[in-house]
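Each remark here refers to the structure printed beneath this line.
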Amino acid sequence: MIRRSRLAALVGLDVFLALVPLAIALAPARPAGRGFWIELSLAVGFAGLGQTALQFGLIARFARLSRPLGIDLVMRLHRQLGLVAALLAVAHLLLLAVARPATLRLLDPTAGDAASRTGVFALVALVLLLALSYGRRALRLGYEAWRVSHALLGIAAVALTLAHVLLAGRYLAAPWKQAALVAWCLALVGLVLFLRLVKPALLARRPWRVAEVRPEAAETWSLSLEPEGHPGMRFAPGQFAWLKVDRSPWSVREHPFSFSSSAERPGRLEMGIKELGDFTRTVGRLAPGTRAYLDGPHGSFSIDLQPAPGYLFIAGGIGVSPVLSMLRTLADRGDRRPHALLYACSRWDRVAYREEIEELAERLDLEVVLVLEEPPEGWAGPRGYLNREVVEPRLVAANGAARDVFLCGPLAMMTALEEILIDECGVAEERVHGERFQMV
Ligand SMILES: Cc1cc2nc3c(=O)[nH]c(=O)nc-3n(C[C@H](O)[C@H](O)[C@H](O)COP(=O)(O)OP(=O)(O)OC[C@H]3O[C@@H](n4cnc5c(N)ncnc54)[C@H](O)[C@@H]3O)c2cc1C
């Protein structure tokens, strides 16, 4: 669950860092002011540049950032702060137009000088970037094509804005100011260039190969990977990695999947994969021996990061995958704490890892409640969606001690259950941890 104080700290840090270009511009020697609206417009423009460049830091997959907040929240923050950056750029133009209406004439790229032209092109890049992000599905743009266009437009927006402020020159006449601003922007954009160019070279030195692909349930597969020439990957149970299969480590085609295997067995990793789209529908056909690369581990959805007297796991569909990793790990560690698993599936043939979960219930102190939306004839267990009746008080607390709750499944299910747990069952917000399988 969202840690509000950490989120507030990150937003505070973001605002502080976004003001760095403005601080550089305002450092001595400063030119004489030209009236309130123009000065305000310039301040907003510099903040817009700062916020645009900072987006590269947000998406650079820093564990220190994603661990306390969760990767989905970092990506949501990126969407919102990216929008703020574009709004600041538009506000910069509007404020200039208020102060000097003739400025609007410069929107015609043939009318102005190089400084105004680069400013207009930067704005166009930002607007295009937003249009493609919000309209991706409507435009039927594939995820990979969108990611490439997103990165290129983002780099173009920063480079053009930087050129715009350097050419406009007024506040950045001193060479040290120019150097400082260029260095600041390059450092942030460089993070993503590192992620896309240098990190794959490191991944290439730690390849994996497909050891086995096993059907687990209808349209659900277990993918096993073994390291080639290295000892494997240490991870906390419940974390995930970006997977590239049968492609170069520099390929943009990569997909995030949670580990389903035990963290105590880093020499053979497993991922539970549900067929949902172009890539996941091909997993069942992957041949043993196929080369793979893993960028990970990432994420904060793990019992190892949240010590508690016991856990309630709630999984919907393939959301069981990271939960299985935690249960397998607990069993390998000989854990004796009392745990419970609420597992919801649409149909009996969609219940992945059924037999193994029964075995885990015997190895652990684990109560399992299976909920089916469309149960078979004679089904005696709970049916329908996971709701208030299913989340019984004995599952939320064991022996009087509150359990930490780990929740993973479809977005609607997660939102509904977070409300039930916090508002109706009285579980403290910081005890509810969720992993969303969508980077909205
Ligand atoms: C942190 C995390 C952990 C996940 N763990 C699992 C898991 O254990 N098992 C499982 O079956 N699924 C998991 N997913 C979901 C899985 O990543 C997507 O189902 C998969 O990437 C879809 O790819 P596709 O080409 O088959 O489908 P597509 O039809 O191409 O994509 C369907 C949707 O999936 C999302 N998506 C596609 N590619 C990516 C990508 N490279 N990065 C981020 N999102 C993408 C997009 O929203 C897209 O619209 C996880 C997702 C996240 C964010």
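Ordering of the structure tokens sets the chain letters (A, B, ...), residue numbers begin anew at 1 in every chain, and ligands are numbered from 1 in the order given.
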Set the distance at 8 Å and use only C-alpha atoms: which residues neighbour stretch 246-259 of chain A once local chain neighbours fewer than 6 positions away are removed? I'd like the list as a PyMOL selection string.
chain A and resi 144+147-148+196-197+200-201+203-204+237-240+269-273+290-293+321-322+325
Could you please take those selected residues and save N, CA, C and O atoms as a tab-separated table (two decimals), in the first residue's frame?
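What landed in part_3.tsv:
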chain	number	residue	atom	x	y	z
A	144	GLU	N	5.79	-1.65	-27.60
A	144	GLU	CA	7.22	-1.40	-27.86
A	144	GLU	C	7.41	-0.16	-28.72
A	144	GLU	O	8.28	0.66	-28.45
A	147	ARG	N	7.00	2.77	-26.61
A	147	ARG	CA	8.13	3.04	-25.70
A	147	ARG	C	9.28	3.73	-26.42
A	147	ARG	O	9.90	4.64	-25.89
A	148	VAL	N	9.58	3.27	-27.66
A	148	VAL	CA	10.68	3.88	-28.41
A	148	VAL	C	10.34	5.33	-28.72
A	148	VAL	O	11.14	6.25	-28.50
A	196	ARG	N	19.56	1.93	-21.21
A	196	ARG	CA	19.29	1.34	-22.53
A	196	ARG	C	20.53	0.88	-23.27
A	196	ARG	O	20.44	0.02	-24.13
A	197	LEU	N	21.71	1.47	-22.96
A	197	LEU	CA	22.91	1.12	-23.74
A	197	LEU	C	23.94	0.36	-22.91
A	197	LEU	O	24.47	-0.66	-23.36
A	200	PRO	N	22.39	-3.17	-20.77
A	200	PRO	CA	22.29	-4.40	-21.57
A	200	PRO	C	23.64	-5.08	-21.77
A	200	PRO	O	23.71	-6.31	-21.82
A	201	ALA	N	24.71	-4.27	-21.85
A	201	ALA	CA	26.05	-4.88	-22.01
A	201	ALA	C	26.38	-5.69	-20.76
A	201	ALA	O	27.00	-6.75	-20.84
A	203	LEU	N	24.06	-7.07	-18.82
A	203	LEU	CA	23.17	-8.24	-18.85
A	203	LEU	C	23.73	-9.31	-19.79
A	203	LEU	O	23.58	-10.51	-19.53
A	204	ALA	N	24.36	-8.86	-20.87
A	204	ALA	CA	24.89	-9.82	-21.87
A	204	ALA	C	25.94	-10.73	-21.23
A	204	ALA	O	26.15	-11.85	-21.68
A	237	PRO	N	11.70	-12.76	-2.14
A	237	PRO	CA	10.52	-13.44	-2.68
A	237	PRO	C	9.41	-12.43	-2.96
A	237	PRO	O	9.10	-11.60	-2.11
A	238	GLY	N	8.83	-12.51	-4.18
A	238	GLY	CA	7.76	-11.57	-4.54
A	238	GLY	C	8.24	-10.49	-5.49
A	238	GLY	O	7.42	-9.78	-6.09
A	239	GLN	N	9.56	-10.35	-5.64
A	239	GLN	CA	10.07	-9.32	-6.55
A	239	GLN	C	9.90	-9.76	-8.00
A	239	GLN	O	9.49	-10.88	-8.28
A	240	PHE	N	10.25	-8.87	-8.93
A	240	PHE	CA	10.09	-9.20	-10.34
A	240	PHE	C	11.34	-8.78	-11.12
A	240	PHE	O	12.23	-8.10	-10.59
A	269	LEU	N	15.37	-20.12	-11.64
A	269	LEU	CA	14.27	-19.18	-11.42
A	269	LEU	C	13.03	-19.64	-12.16
A	269	LEU	O	13.13	-20.24	-13.22
A	270	GLU	N	11.87	-19.31	-11.59
A	270	GLU	CA	10.62	-19.60	-12.30
A	270	GLU	C	9.74	-18.37	-12.33
A	270	GLU	O	9.77	-17.55	-11.39
A	271	MET	N	8.95	-18.28	-13.39
A	271	MET	CA	7.97	-17.21	-13.50
A	271	MET	C	6.66	-17.85	-13.98
A	271	MET	O	6.68	-18.69	-14.88
A	272	GLY	N	5.55	-17.44	-13.38
A	272	GLY	CA	4.24	-17.92	-13.82
A	272	GLY	C	3.69	-16.89	-14.80
A	272	GLY	O	3.60	-15.72	-14.45
A	273	ILE	N	3.36	-17.32	-16.01
A	273	ILE	CA	2.99	-16.34	-17.05
A	273	ILE	C	1.62	-16.66	-17.63
A	273	ILE	O	1.36	-17.79	-18.08
A	290	THR	N	16.58	-21.84	-25.22
A	290	THR	CA	16.48	-20.48	-25.75
A	290	THR	C	17.17	-19.50	-24.80
A	290	THR	O	17.01	-19.60	-23.58
A	291	ARG	N	17.93	-18.58	-25.36
A	291	ARG	CA	18.68	-17.59	-24.58
A	291	ARG	C	17.72	-16.53	-23.99
A	291	ARG	O	16.75	-16.13	-24.65
A	292	ALA	N	17.99	-16.12	-22.76
A	292	ALA	CA	17.16	-15.08	-22.12
A	292	ALA	C	18.06	-14.14	-21.31
A	292	ALA	O	19.19	-14.49	-20.95
A	293	TYR	N	17.55	-12.93	-21.05
A	293	TYR	CA	18.26	-11.97	-20.19
A	293	TYR	C	17.28	-11.43	-19.17
A	293	TYR	O	16.10	-11.22	-19.47
A	321	SER	N	1.35	-15.65	-8.70
A	321	SER	CA	2.75	-15.94	-8.99
A	321	SER	C	3.72	-15.40	-7.92
A	321	SER	O	4.49	-16.18	-7.33
A	322	PRO	N	3.72	-14.09	-7.61
A	322	PRO	CA	4.63	-13.62	-6.56
A	322	PRO	C	4.28	-14.18	-5.18
A	322	PRO	O	5.16	-14.37	-4.33
A	325	SER	N	5.92	-17.45	-4.82
A	325	SER	CA	7.34	-17.26	-4.51
A	325	SER	C	7.53	-17.09	-3.00
A	325	SER	O	8.43	-17.67	-2.39
Just the residues within 6 Å of A:Ala18, please, counting only C-alpha atoms, with nothing from its chain fewer than 4 positions along; format it as a list of chain:residue names.
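Listing them by chain and then by number gives A:Asp14, A:Ala47, A:Gly50, A:Gln51.
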Once you have the residues from the selection above, write them out as a PDB file, in the first residue's frame, restricted to all heavy atoms.
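Once everything was written out, this is result-v9.pdb:
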ATOM      1  N   ASP A  14      11.361  16.041  -5.748  1.00  0.00           N
ATOM      2  CA  ASP A  14      11.167  16.329  -7.175  1.00  0.00           C
ATOM      3  C   ASP A  14      11.015  17.840  -7.404  1.00  0.00           C
ATOM      4  O   ASP A  14      11.646  18.407  -8.285  1.00  0.00           O
ATOM      5  CB  ASP A  14       9.914  15.586  -7.665  1.00  0.00           C
ATOM      6  CG  ASP A  14       9.571  15.958  -9.088  1.00  0.00           C
ATOM      7  OD1 ASP A  14      10.083  15.288  -9.994  1.00  0.00           O
ATOM      8  OD2 ASP A  14       8.822  16.930  -9.301  1.00  0.00           O
ATOM      9  N   ALA A  47      11.383  25.979 -14.705  1.00  0.00           N
ATOM     10  CA  ALA A  47      10.868  24.870 -13.891  1.00  0.00           C
ATOM     11  C   ALA A  47      10.359  23.745 -14.800  1.00  0.00           C
ATOM     12  O   ALA A  47      10.500  22.557 -14.481  1.00  0.00           O
ATOM     13  CB  ALA A  47       9.754  25.368 -12.978  1.00  0.00           C
ATOM     14  N   GLY A  50      13.242  21.755 -15.901  1.00  0.00           N
ATOM     15  CA  GLY A  50      13.689  20.915 -14.784  1.00  0.00           C
ATOM     16  C   GLY A  50      12.801  19.690 -14.638  1.00  0.00           C
ATOM     17  O   GLY A  50      13.290  18.555 -14.513  1.00  0.00           O
ATOM     18  N   GLN A  51      11.496  19.907 -14.698  1.00  0.00           N
ATOM     19  CA  GLN A  51      10.560  18.790 -14.504  1.00  0.00           C
ATOM     20  C   GLN A  51      10.640  17.791 -15.656  1.00  0.00           C
ATOM     21  O   GLN A  51      10.573  16.577 -15.440  1.00  0.00           O
ATOM     22  CB  GLN A  51       9.127  19.352 -14.374  1.00  0.00           C
ATOM     23  CG  GLN A  51       8.117  18.373 -13.854  1.00  0.00           C
ATOM     24  CD  GLN A  51       8.462  17.841 -12.480  1.00  0.00           C
ATOM     25  OE1 GLN A  51       9.062  16.766 -12.356  1.00  0.00           O
ATOM     26  NE2 GLN A  51       8.124  18.562 -11.432  1.00  0.00           N
TER      27      GLN A  51
END
Per DSSP on the backbone, what are the strand (DSSP E or B) residues of stretch 293-376 of chain A, as JSON, numbers by chain?
{"A": [293, 294, 295, 296, 297, 298, 311, 312, 313, 314, 315, 316, 338, 339, 340, 341, 342, 343, 344, 345, 365, 366, 367, 368, 369, 370, 371, 372]}
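Omitting A:Leu123 and its sequence neighbours fewer than 5 positions away, and counting only C-alpha atoms, the residues within 8 Å are A:Ala86, A:Ala89, A:Val90, A:Ala157.
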Check the smallest atom-to-atom distance from each of A:Gly284, A:Gly232, A:Gly277, A:Gly310 to ligand 1 using only C-alpha atoms and all ligand atoms, then report the winner.
A:Gly277
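Candidate residues A:Tyr311, A:Tyr385, A:Phe406, A:Trp242 were compared for distance to ligand 1, and the nearest is A:Trp242, using only C-alpha atoms and all ligand atoms.
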Nearby residues (only C-alpha atoms) at most 7 Å from A:Leu364, same-chain spacing under 5 positions excluded, as a list in words:
Ala331, Asp335 and Arg336 of chain A
Considering only C-alpha atoms, state which residue in the set A:Arg214, A:Arg363, A:Arg394, A:Arg61 is at the smallest distance from A:Pro288.
A:Arg214
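Distances here use only C-alpha atoms; by that measure, the residue among A:Leu58, A:Met439, A:Ala398, A:Val120 closest to A:Leu411 is A:Met439.
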DSSP on the backbone: which residues in stretch 214-338 of chain A end up as helix (DSSP H, G or I)? Give the answer as a PyMOL selection string.
chain A and resi 280-285+303-305+317-332
Selected residue of minimal separation from ligand 1 among A:Leu195, A:Leu243, A:Leu22, A:Leu42, counting only C-alpha atoms and all ligand atoms:
A:Leu243
May I have the residues within 12 Å of A:Pro338 as a list in words, using only C-alpha atoms and disregarding those fewer than 3 positions away in the same chain?
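Using only C-alpha atoms, the neighbours found are Ala308, Pro309, Gly310, Tyr311, Leu312, Phe313, Leu327, Leu330, Ala331, Asp335, Leu341, Ala361, Arg363, Leu364, Asp365, Leu366, Glu367, Val368, Arg394, Leu395, Val396, Ala397, Ala398, Asn399, Gly400, Ala401, Ala402, Arg403 and Asp404 of chain A.
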Which one is closest to ligand 1: A:Val124, A:Ala352, A:Leu106, A:Leu191? Count only C-alpha atoms and all ligand atoms.
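Distance minimum relative to ligand 1 lands on A:Ala352.
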Coordinates-based distance that separates atom CA of A:Leu305 from atom CA of A:His433 (Å, one decimal):
10.5 Å
